[in-house]
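Participant: For reference, this is input36.txt, and it has compact mmCIF, C-alpha atoms and all ligand atoms.
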# COMPACT_ATOMS: atom_id res chain seq x y z
CA MET K 1 1.24 3.74 -15.09
CA LEU K 2 0.60 7.18 -16.54
CA LEU K 3 3.86 8.97 -17.11
CA LYS K 4 4.28 12.50 -18.34
CA ASN K 5 6.44 12.92 -21.44
CA SER K 6 8.65 15.96 -21.92
CA GLU K 7 5.72 18.03 -23.28
CA GLY K 8 3.75 17.31 -20.12
CA ASP K 9 1.27 14.99 -21.91
CA SER K 10 0.36 11.73 -20.24
CA SER K 11 0.95 8.41 -21.91
CA VAL K 12 0.96 4.81 -20.72
CA THR K 13 4.58 3.83 -20.17
CA PRO K 14 6.08 1.41 -17.66
CA LEU K 15 8.49 2.76 -15.08
CA PRO K 16 12.09 1.62 -15.59
CA PRO K 17 13.04 -1.63 -13.83
CA ALA K 18 14.08 -0.96 -10.25
CA GLU K 19 16.75 -2.66 -8.18
CA CYS K 20 15.07 -1.55 -4.98
CA LYS K 21 11.35 -1.83 -4.38
CA TYR K 22 9.44 1.38 -3.77
CA LEU K 23 6.25 2.54 -2.20
CA VAL K 24 5.06 5.97 -3.29
CA TRP K 25 2.63 7.63 -0.86
CA THR K 26 0.20 10.11 -2.33
CA SER K 27 -1.93 12.58 -0.39
CA TYR K 28 -5.68 12.51 0.17
CA ASN K 29 -8.03 14.49 2.45
CA GLY K 30 -6.98 16.62 5.44
CA LEU K 31 -3.74 16.96 7.37
CA GLY K 32 -4.76 14.40 9.99
CA ASN K 33 -5.36 11.84 7.23
CA HIS K 34 -2.01 12.70 5.67
CA ILE K 35 -0.09 12.10 8.88
CA LEU K 36 -1.91 8.87 9.75
CA THR K 37 -1.41 7.39 6.31
CA LEU K 38 2.23 8.49 6.06
CA ALA K 39 2.89 6.63 9.31
CA SER K 40 0.94 3.57 8.13
CA ALA K 41 2.72 3.55 4.76
CA PHE K 42 6.10 3.91 6.46
CA LEU K 43 5.47 0.91 8.70
CA TYR K 44 4.18 -1.16 5.78
CA SER K 45 7.30 -0.21 3.77
CA LEU K 46 9.54 -1.31 6.65
CA LEU K 47 7.74 -4.66 6.86
CA THR K 48 7.94 -5.30 3.13
CA GLY K 49 11.43 -3.96 2.41
CA ARG K 50 10.33 -1.01 0.30
CA VAL K 51 11.92 2.40 0.01
CA MET K 52 9.18 4.90 0.77
CA LEU K 53 8.80 8.00 -1.37
CA VAL K 54 6.40 10.83 -0.69
CA ASP K 55 4.34 12.83 -3.17
CA ARG K 56 4.93 16.37 -1.88
CA GLY K 57 1.37 17.48 -2.71
CA LYS K 58 0.66 21.21 -2.38
CA ASP K 59 2.49 22.14 0.81
CA LEU K 60 4.08 19.15 2.52
CA THR K 61 7.53 20.70 2.30
CA ALA K 62 6.32 23.84 4.09
CA LEU K 63 4.95 21.78 6.97
CA PHE K 64 7.55 19.15 7.80
CA CYS K 65 11.30 18.73 8.08
CA GLU K 66 12.78 15.67 6.46
CA PRO K 67 12.72 12.82 8.99
CA PHE K 68 16.07 11.33 7.90
CA PRO K 69 19.24 13.47 7.97
CA ASP K 70 21.02 14.01 4.64
CA ALA K 71 18.28 12.23 2.74
CA THR K 72 14.90 13.02 1.31
CA TRP K 73 11.73 10.98 1.14
CA LEU K 74 10.14 13.42 -1.31
CA VAL K 75 9.76 12.35 -4.92
CA PRO K 76 11.81 14.63 -7.19
CA THR K 77 9.89 17.58 -8.64
CA ASN K 78 10.41 16.11 -12.11
CA PHE K 79 9.12 12.67 -11.05
CA PRO K 80 7.37 11.45 -14.19
CA VAL K 81 4.08 10.42 -12.61
CA ASP K 82 0.73 12.16 -12.77
CA PHE K 83 -0.72 11.52 -9.30
CA GLN K 84 -4.17 12.78 -10.40
CA VAL K 85 -4.92 9.45 -12.07
CA PHE K 86 -5.00 7.51 -8.82
CA GLU K 87 -8.62 7.05 -7.80
CA SER K 88 -11.08 4.20 -7.35
CA LYS K 89 -11.66 3.58 -11.08
CA ASN K 90 -7.98 3.35 -11.99
CA ASN K 91 -7.63 0.09 -13.91
CA GLN K 92 -4.17 -0.52 -12.51
CA SER K 93 -5.41 -0.68 -8.94
CA TYR K 94 -5.01 -4.02 -7.23
CA GLY K 95 -8.74 -4.18 -6.48
CA ASN K 96 -9.73 -3.52 -10.11
CA MET K 97 -7.22 -6.03 -11.44
CA LEU K 98 -8.83 -8.66 -9.21
CA ARG K 99 -12.32 -7.51 -10.23
CA TYR K 100 -11.57 -7.75 -13.94
CA GLY K 101 -9.70 -11.07 -13.65
CA LYS K 102 -6.24 -9.74 -14.57
CA ILE K 103 -5.08 -11.15 -11.25
CA SER K 104 -6.83 -14.21 -9.87
CA ILE K 105 -7.17 -16.18 -6.67
CA ALA K 106 -6.90 -19.96 -7.14
CA SER K 107 -9.06 -22.34 -5.09
CA SER K 108 -5.90 -23.11 -3.08
CA GLY K 109 -5.91 -19.42 -2.09
CA VAL K 110 -2.75 -18.62 -4.09
CA VAL K 111 -2.85 -15.30 -5.95
CA THR K 112 -1.54 -15.36 -9.51
CA GLY K 113 -1.06 -12.78 -12.21
CA PRO K 114 1.42 -11.53 -14.81
CA PRO K 115 4.63 -9.82 -13.70
CA LEU K 116 3.75 -6.15 -13.33
CA PRO K 117 6.16 -3.25 -13.10
CA PHE K 118 3.72 -1.31 -10.98
CA ILE K 119 0.58 -1.62 -8.87
CA TYR K 120 -1.74 1.00 -7.40
CA VAL K 121 -3.25 0.31 -3.98
CA HIS K 122 -6.50 2.20 -3.43
CA MET K 123 -7.39 2.35 0.23
CA THR K 124 -9.68 5.29 0.88
CA TYR K 125 -12.73 4.81 3.10
CA ARG K 126 -14.96 3.85 0.15
CA TYR K 127 -12.75 0.94 -0.90
CA ASP K 128 -14.43 -2.38 -1.59
CA ASN K 129 -13.77 -6.07 -0.87
CA ASN K 130 -11.40 -6.41 -3.84
CA ASP K 131 -9.30 -3.51 -2.55
CA LYS K 132 -9.48 -4.98 0.95
CA ARG K 133 -7.73 -8.16 -0.19
CA PHE K 134 -4.60 -6.05 0.23
CA PHE K 135 -4.65 -7.13 3.89
CA CYS K 136 -4.74 -10.90 3.19
CA GLU K 137 -1.59 -13.05 3.44
CA PRO K 138 -1.72 -14.64 -0.08
CA ASP K 139 -2.19 -11.20 -1.61
CA GLN K 140 0.79 -9.83 0.26
CA GLU K 141 2.88 -12.73 -1.01
CA PHE K 142 1.91 -11.65 -4.52
CA LEU K 143 2.26 -7.90 -3.96
CA VAL K 144 5.72 -8.17 -2.46
CA ARG K 145 7.07 -8.93 -5.94
CA MET K 146 5.89 -5.64 -7.48
CA PRO K 147 8.83 -3.25 -7.83
CA TRP K 148 6.67 -0.11 -7.65
CA MET K 149 3.59 0.44 -5.53
CA VAL K 150 1.60 3.68 -5.34
CA LEU K 151 -0.65 3.98 -2.29
CA LYS K 152 -3.53 6.34 -1.69
CA ALA K 153 -5.22 6.01 1.68
CA ASP K 154 -7.04 8.19 4.18
CA ASN K 155 -7.05 5.91 7.19
CA TYR K 156 -4.68 4.68 9.85
CA PHE K 157 -4.45 1.09 8.62
CA VAL K 158 -1.76 -0.16 11.04
CA PRO K 159 -4.19 -2.17 13.24
CA ALA K 160 -5.07 -4.34 10.22
CA LEU K 161 -1.37 -5.07 9.59
CA PHE K 162 -1.30 -6.68 13.03
CA LEU K 163 -4.08 -9.03 11.87
CA ASN K 164 -1.85 -10.31 9.06
CA ARG K 165 0.12 -13.37 10.21
CA MET K 166 3.05 -12.48 7.91
CA PHE K 167 3.56 -9.16 9.66
CA GLU K 168 2.39 -9.76 13.20
CA PRO K 169 5.57 -11.42 14.61
CA GLU K 170 7.81 -8.58 13.43
CA LEU K 171 5.32 -5.94 14.54
CA SER K 172 5.09 -7.48 18.00
CA ARG K 173 8.89 -7.44 18.25
CA LEU K 174 9.01 -3.79 17.16
CA PHE K 175 6.17 -2.69 19.44
CA PRO K 176 5.83 -4.82 22.58
CA ASP K 177 3.52 -2.13 23.96
CA LYS K 178 0.89 -2.14 21.23
CA GLU K 179 -0.93 1.10 21.97
CA THR K 180 2.28 3.11 21.52
CA VAL K 181 2.76 2.32 17.80
CA PHE K 182 1.61 5.68 16.47
CA HIS K 183 3.09 7.55 19.42
CA HIS K 184 6.58 6.31 18.52
CA MET K 185 6.16 6.66 14.77
CA SER K 186 4.69 10.16 14.96
CA ARG K 187 7.49 11.43 17.16
CA TYR K 188 10.07 9.78 14.94
CA LEU K 189 8.72 10.89 11.58
CA PHE K 190 6.87 14.20 11.90
CA HIS K 191 8.99 17.19 12.76
CA PRO K 192 7.44 20.62 12.25
CA SER K 193 9.28 22.85 9.77
CA ASP K 194 11.08 25.90 11.19
CA THR K 195 8.09 28.07 10.25
CA VAL K 196 5.66 25.85 12.15
CA TRP K 197 8.07 25.40 15.06
CA GLY K 198 8.29 29.20 15.34
CA MET K 199 4.48 29.39 15.53
CA ILE K 200 4.39 26.64 18.14
CA THR K 201 7.07 28.07 20.42
CA ARG K 202 5.82 31.68 20.22
CA TYR K 203 2.29 30.62 21.11
CA TYR K 204 3.45 28.26 23.84
CA GLN K 205 5.68 30.85 25.50
CA SER K 206 3.08 33.62 25.27
CA TYR K 207 -0.04 31.75 26.41
CA LEU K 208 0.54 28.23 27.67
CA SER K 209 3.84 27.97 29.54
CA MET K 210 2.50 29.57 32.74
CA GLY K 211 -0.18 26.93 33.28
CA ARG K 212 0.43 24.47 36.11
CA GLU K 213 -2.07 22.25 34.32
CA LYS K 214 -2.79 22.29 30.62
CA LEU K 215 -6.09 21.08 29.19
CA GLY K 216 -6.42 20.75 25.41
CA ILE K 217 -9.89 20.67 23.86
CA GLN K 218 -10.25 19.86 20.17
CA ILE K 219 -13.69 20.40 18.73
CA ARG K 220 -14.47 19.20 15.22
CA ILE K 221 -17.95 19.63 13.81
CA PHE K 222 -18.70 17.39 10.84
CA ASN K 223 -22.37 18.36 10.46
CA LYS K 224 -23.78 21.57 11.94
CA ASP K 225 -27.41 20.38 11.64
CA GLU K 226 -26.76 17.25 13.65
CA SER K 227 -24.29 18.98 15.97
CA PRO K 228 -25.25 22.68 16.34
CA LEU K 229 -22.40 24.82 17.68
CA ASP K 230 -24.29 26.00 20.81
CA LEU K 231 -25.16 22.44 21.72
CA VAL K 232 -21.56 21.29 21.29
CA ALA K 233 -20.37 24.22 23.43
CA ASP K 234 -22.75 23.02 26.21
CA GLN K 235 -21.52 19.50 25.64
CA ALA K 236 -17.85 20.46 26.02
CA ILE K 237 -18.71 22.29 29.26
CA ASN K 238 -20.78 19.34 30.56
CA CYS K 239 -17.95 16.95 29.77
CA THR K 240 -15.12 18.94 31.30
CA LEU K 241 -17.11 19.80 34.47
CA ARG K 242 -18.42 16.29 34.97
CA GLU K 243 -15.02 14.70 34.53
CA GLY K 244 -13.41 17.26 36.82
CA LEU K 245 -11.20 18.60 34.02
CA LEU K 246 -12.37 22.17 34.67
CA PRO K 247 -13.44 23.61 38.03
CA PRO K 248 -17.15 24.24 38.69
CA VAL K 249 -18.27 27.87 38.83
CA ALA K 250 -19.65 29.37 42.05
CA LEU K 251 -22.97 30.80 40.85
CA ASP K 252 -23.93 31.96 44.35
CA ARG K 253 -20.79 33.98 45.12
CA PRO K 254 -19.54 37.10 43.36
CA ILE K 255 -15.95 36.77 44.63
CA VAL K 256 -13.68 33.85 45.48
CA SER K 257 -10.04 34.65 46.30
CA ALA K 258 -7.83 33.67 43.42
CA ASN K 259 -5.35 30.90 44.09
CA LEU K 260 -2.37 32.06 42.06
CA ASN K 261 -0.60 28.74 42.58
CA ASN K 262 -3.39 26.95 40.78
CA THR K 263 -3.30 28.10 37.19
CA LYS K 264 -5.13 26.15 34.54
CA VAL K 265 -4.50 26.89 30.91
CA VAL K 266 -7.10 25.74 28.40
CA LEU K 267 -6.08 25.46 24.75
CA ILE K 268 -8.98 25.15 22.35
CA ALA K 269 -8.53 24.06 18.74
CA SER K 270 -11.48 24.42 16.45
CA LEU K 271 -12.51 25.93 13.15
CA HIS K 272 -15.10 27.96 15.13
CA SER K 273 -14.66 30.59 17.85
CA GLN K 274 -17.87 29.91 19.82
CA PHE K 275 -16.38 27.28 22.12
CA SER K 276 -13.54 29.34 23.54
CA ASP K 277 -15.85 32.38 23.86
CA ARG K 278 -18.31 30.32 25.92
CA ILE K 279 -15.72 28.84 28.27
CA ARG K 280 -13.79 32.09 28.66
CA ASN K 281 -16.98 34.02 29.44
CA MET K 282 -18.09 31.40 31.95
CA TYR K 283 -14.95 31.98 34.03
CA TRP K 284 -15.05 35.75 33.53
CA GLU K 285 -18.68 36.17 34.59
CA HIS K 286 -18.38 33.83 37.61
CA PRO K 287 -15.63 32.84 39.99
CA ASN K 288 -14.81 29.15 40.19
CA LYS K 289 -15.15 27.27 43.45
CA GLY K 290 -11.47 26.61 44.09
CA GLY K 291 -10.33 30.04 42.93
CA ALA K 292 -8.15 28.52 40.20
CA VAL K 293 -6.90 30.97 37.61
CA VAL K 294 -8.38 29.65 34.35
CA SER K 295 -7.10 31.16 31.13
CA VAL K 296 -8.60 30.12 27.83
CA HIS K 297 -6.84 30.44 24.47
CA GLN K 298 -7.59 29.55 20.88
CA PRO K 299 -4.89 30.23 18.29
CA SER K 300 -7.17 30.45 15.23
CA HIS K 301 -10.72 29.96 14.00
CA GLU K 302 -10.45 29.31 10.29
CA GLU K 303 -14.24 28.69 9.88
CA TRP K 304 -13.89 26.05 7.18
CA GLN K 305 -11.41 23.42 6.07
CA GLN K 306 -8.98 24.79 3.49
CA THR K 307 -6.64 21.85 2.99
CA GLY K 308 -3.90 22.67 0.47
CA SER K 309 -3.83 26.35 1.40
CA GLU K 310 -0.39 26.69 2.93
CA ASN K 311 -1.14 29.31 5.56
CA HIS K 312 -4.17 27.35 6.74
CA ASP K 313 -2.28 24.06 6.94
CA LEU K 314 0.61 25.69 8.85
CA LYS K 315 -1.88 26.78 11.52
CA ALA K 316 -3.54 23.36 11.62
CA TRP K 317 -0.21 21.59 12.14
CA ALA K 318 0.93 24.11 14.78
CA GLU K 319 -2.36 23.63 16.65
CA ILE K 320 -2.11 19.85 16.55
CA TYR K 321 1.38 20.10 18.01
CA LEU K 322 0.32 22.62 20.68
CA LEU K 323 -2.50 20.28 21.72
CA SER K 324 0.08 17.55 22.17
CA PHE K 325 1.67 19.55 25.02
CA ALA K 326 -1.50 19.23 27.08
CA ASP K 327 -1.62 17.11 30.24
CA VAL K 328 -5.20 16.13 29.50
CA LEU K 329 -7.02 16.09 26.17
CA VAL K 330 -10.65 16.23 25.10
CA THR K 331 -11.04 15.36 21.41
CA SER K 332 -13.89 14.82 18.97
CA THR K 333 -15.39 11.56 17.75
CA GLY K 334 -13.82 10.30 14.55
CA SER K 335 -11.45 13.23 14.04
CA THR K 336 -8.04 12.33 12.68
CA PHE K 337 -6.86 15.83 13.71
CA GLY K 338 -7.49 14.82 17.33
CA TYR K 339 -5.87 11.39 16.83
CA ILE K 340 -2.57 13.03 15.87
CA ALA K 341 -2.59 15.26 18.95
CA GLN K 342 -3.34 12.35 21.30
CA GLY K 343 -0.72 10.17 19.59
CA LEU K 344 2.02 12.79 19.78
CA ALA K 345 1.05 13.53 23.40
CA GLY K 346 0.94 9.84 24.26
CA ILE K 347 -2.30 10.20 26.20
CA ARG K 348 -5.76 8.67 26.23
CA PRO K 349 -8.22 11.49 25.63
CA TRP K 350 -11.82 11.98 26.63
CA ILE K 351 -13.85 11.90 23.42
CA LEU K 352 -16.84 14.15 22.86
CA VAL K 353 -19.59 11.79 21.70
CA ARG K 354 -20.99 12.96 18.35
CA PRO K 355 -24.51 14.46 18.80
CA TYR K 356 -27.26 13.34 16.44
CA GLY K 357 -30.47 15.19 15.65
CA GLY K 358 -29.34 18.24 17.61
CA LYS K 359 -29.67 16.33 20.91
CA MET K 360 -27.22 16.40 23.80
CA PRO K 361 -25.50 13.01 23.99
CA GLU K 362 -25.51 11.26 27.33
CA PRO K 363 -22.82 10.88 28.49
CA ALA K 364 -21.30 13.98 26.87
CA CYS K 365 -17.92 12.30 26.60
CA MET K 366 -16.19 9.02 27.30
CA ARG K 367 -12.62 7.98 27.96
CA GLU K 368 -10.73 6.44 25.05
CA THR K 369 -9.36 2.94 25.63
CA SER K 370 -5.88 3.64 24.24
CA MET K 371 -3.73 6.42 22.80
CA ASP K 372 -3.45 4.77 19.35
CA PRO K 373 -5.71 6.10 16.55
CA CYS K 374 -8.74 4.29 15.23
CA PHE K 375 -8.77 2.60 11.80
CA HIS K 376 -12.25 3.75 10.72
CA SER K 377 -12.85 1.39 7.82
CA PRO K 378 -11.01 -1.87 8.43
CA PRO K 379 -11.63 -4.95 6.29
CA TRP K 380 -14.63 -6.90 7.57
CA TYR K 381 -13.53 -9.59 5.21
CA ASP K 382 -12.64 -13.25 5.55
CA CYS K 383 -9.57 -13.92 3.39
CA LYS K 384 -10.10 -17.71 3.44
CA SER K 385 -13.71 -17.80 2.24
CA CYS K 386 -13.22 -14.63 0.11
CA LYS K 387 -16.35 -13.16 1.72
CA SER K 388 -17.46 -10.50 4.11
CA PHE K 389 -17.92 -10.72 7.14
CA SER K 390 -15.25 -11.54 9.60
CA ASP K 391 -15.14 -9.29 12.63
CA PRO K 392 -11.66 -7.69 12.73
CA GLY K 393 -12.21 -6.60 16.33
CA LYS K 394 -12.54 -10.20 17.52
CA GLU K 395 -9.40 -11.82 16.08
CA ILE K 396 -6.67 -10.91 18.57
CA SER K 397 -6.86 -9.57 22.09
CA TYR K 398 -5.06 -6.28 21.49
CA VAL K 399 -7.05 -5.22 18.40
CA THR K 400 -10.53 -4.13 19.50
CA HIS K 401 -13.35 -1.94 18.25
CA CYS K 402 -12.99 1.79 18.80
CA ARG K 403 -15.26 3.57 21.25
CA ASP K 404 -15.76 6.59 19.00
CA VAL K 405 -16.24 4.69 15.71
CA PRO K 406 -17.64 1.27 16.69
CA ASP K 407 -17.07 -0.36 13.27
CA GLY K 408 -13.41 0.68 13.38
CA ILE K 409 -10.54 -1.10 15.12
CA LYS K 410 -7.63 0.03 17.21
CA LEU K 411 -4.59 -1.23 19.09
CA VAL K 412 -4.97 -1.30 22.86
P1 LIG W 501 -10.57 15.37 10.43
O1 LIG W 501 -11.34 15.79 9.21
O2 LIG W 501 -11.11 15.95 11.70
O3 LIG W 501 -10.41 13.89 10.50
O4 LIG W 501 -9.08 15.99 10.35
P2 LIG W 501 -8.15 16.38 9.12
O5 LIG W 501 -6.95 17.05 9.70
O6 LIG W 501 -7.88 15.21 8.26
O7 LIG W 501 -8.98 17.41 8.26
C1 LIG W 501 -9.56 18.55 8.82
C2 LIG W 501 -8.85 19.81 8.35
O8 LIG W 501 -9.70 20.94 8.69
C3 LIG W 501 -7.54 20.07 9.08
O9 LIG W 501 -6.45 19.43 8.49
C4 LIG W 501 -7.47 21.57 9.01
O10 LIG W 501 -7.14 21.95 7.70
C5 LIG W 501 -8.92 21.96 9.25
N1 LIG W 501 -9.20 21.99 10.70
C6 LIG W 501 -10.06 21.21 11.38
N2 LIG W 501 -10.05 21.53 12.68
C7 LIG W 501 -9.15 22.53 12.83
C8 LIG W 501 -8.68 23.27 13.96
O11 LIG W 501 -9.08 23.07 15.11
N3 LIG W 501 -7.73 24.21 13.73
C9 LIG W 501 -7.25 24.47 12.46
N4 LIG W 501 -6.33 25.42 12.31
N5 LIG W 501 -7.68 23.79 11.37
C10 LIG W 501 -8.61 22.82 11.56
Please express the file's structure as structure tokens.
Ligand code: GDP
Facilitator:
Amino acid sequence: MLLKNSEGDSSVTPLPPAECKYLVWTSYNGLGNHILTLASAFLYSLLTGRVMLVDRGKDLTALFCEPFPDATWLVPTNFPVDFQVFESKNNQSYGNMLRYGKISIASSGVVTGPPLPFIYVHMTYRYDNNDKRFFCEPDQEFLVRMPWMVLKADNYFVPALFLNRMFEPELSRLFPDKETVFHHMSRYLFHPSDTVWGMITRYYQSYLSMGREKLGIQIRIFNKDESPLDLVADQAINCTLREGLLPPVALDRPIVSANLNNTKVVLIASLHSQFSDRIRNMYWEHPNKGGAVVSVHQPSHEEWQQTGSENHDLKAWAEIYLLSFADVLVTSTGSTFGYIAQGLAGIRPWILVRPYGGKMPEPACMRETSMDPCFHSPPWYDCKSCKSFSDPGKEISYVTHCRDVPDGIKLV
């Protein structure tokens, strides 16, 4: 492991022997990825008897309260590890140690290697079959002996833990209702800091509390050429009207008496302002058929992702939490931001199907099969034959492929 000496230089030095075993989580990608991987790492630590420590990154302490009273899960500020070195080429990653024969798999399937003070587990979406061996039973029997483990991931890998026969019995005892795994963990672990809680409560009291019904719409655009903003605005309108989530407008009538007992609040979260403008204007320019009072709100439009900028991340976290107060959610295909909102809310959202080639998808949206997030890049890997492919969505009844990301898997 690379440790910093007192001058701040890095040198290769083993960590001191540990009585406890530790897992150190390190951050990667956006806030949604952070929250999903923190939850996954926490559950994995519970299953394997590790103390979990958290690399505070740029602004984690500004976003969250500590989950455990009178204790911290943050690594000390003088923790002697340079987290920059953890990436796919790191030669102390489990995958690379297998690749270069420092750890080997015998024909019996048993994994052998020298005693190591430390192992790095690389699990970002570009990980390969060697890295994916992490999920196999013999590899877990080997890894459990490592006193220190550093993990970098960007995916919600809990569904794959259920496919491991060492973990499945305990997991099934902990979570008899499988689709609620992230719902429980997110509510248990992720508490907004006072700053974020202030933003949440002020916005809620000012704009959302008066709604008899609350609809949250989260729109994430990954590629503006494939998914132009105007098209996605039409798509969100098509989806919400078709599914009866918003009332149809009365194009032929200038006035419909307002029904003040039927107030619908729409909360839109997006980096772009076009979507709330379109929906707000639609209900301003025309009455709706039932006379519902529809009020449309969007807390911010940051235009581009600025992960690591504290003020930006505070808004993102506050918006995720505000979305979780909705009665009904519409989220975007493959967005971890939306997964957190649906998980905290404990509801199955409608998902906006991702448009390709600038064409309106048909249908515009579809109902998710469960509230639990999707693991986008699970191992399609057969641990016994040491080969791809084994379909991870076909092994047990409650782990199936995701509707939004068909190669991914989720708990249902
Ligand atoms: P994903 O990329 O959609 O899976 O979600 P992530 O949360 O991992 O990364 C996207 C990042 O872009 C967020 O963490 C925010 O920093 C920013 N972002 C995306 N959508 C929104 C939004 O609706 N509101 C705000 N405030 N930020 C957003």
Participant: Can you pull out every residue with an atom within 9 Å of ligand LIG 501 (chain W)? Use all atoms listed in the file and format it as number ranges by chain.
Facilitator: K: 28-36, 154, 218-222, 268-272, 298-309, 312-320, 332-340
Participant: Hey, which of K:Met360, K:Ile409, K:Leu53, K:Leu161 ends up closest to Pro228 in chain K? Count all atoms listed in the file.
Facilitator: K:Met360
Participant: Near Arg278 in chain K, within 7 Å and counting all atoms listed in the file, which residues show up once chain neighbours fewer than 4 positions away are dropped, as a PyMOL selection string?
Facilitator: chain K and resi 233+274+282
Participant: Please, what distance in Å, to one decimal, runs between CA of Leu46 in chain K and CA of Ser390 in chain K?
Facilitator: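 Computing the Euclidean distance for CA of Leu46 in chain K and CA of Ser390 in chain K yields 27.0 Å.
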Participant: So which residues fall inside 9 Å of (-9.4, -3.2, -5.0) if we count all atoms listed in the file? Mind giving them as JSON, numbers by chain?
Facilitator: {"K": [88, 93, 94, 95, 96, 97, 98, 99, 121, 122, 123, 127, 128, 129, 130, 131, 132, 133, 134]}
Participant: Would you kindly return, as an MDAnalysis selection string, each protein, DNA or RNA residue with an atom no farther than 12 Å from any atom of Cys402 in chain K, considering all atoms listed in the file and excluding same-chain residues fewer than 6 positions away?
Facilitator: chainID K and resid 159 333:334 351 366:378 392:393 408:412
Participant: Determine the nearest neighbour of Ala62 in chain K from the options K:Asp404, K:Glu285, K:Asp194, K:Asp230, counting all atoms listed in the file.
Facilitator: K:Asp194
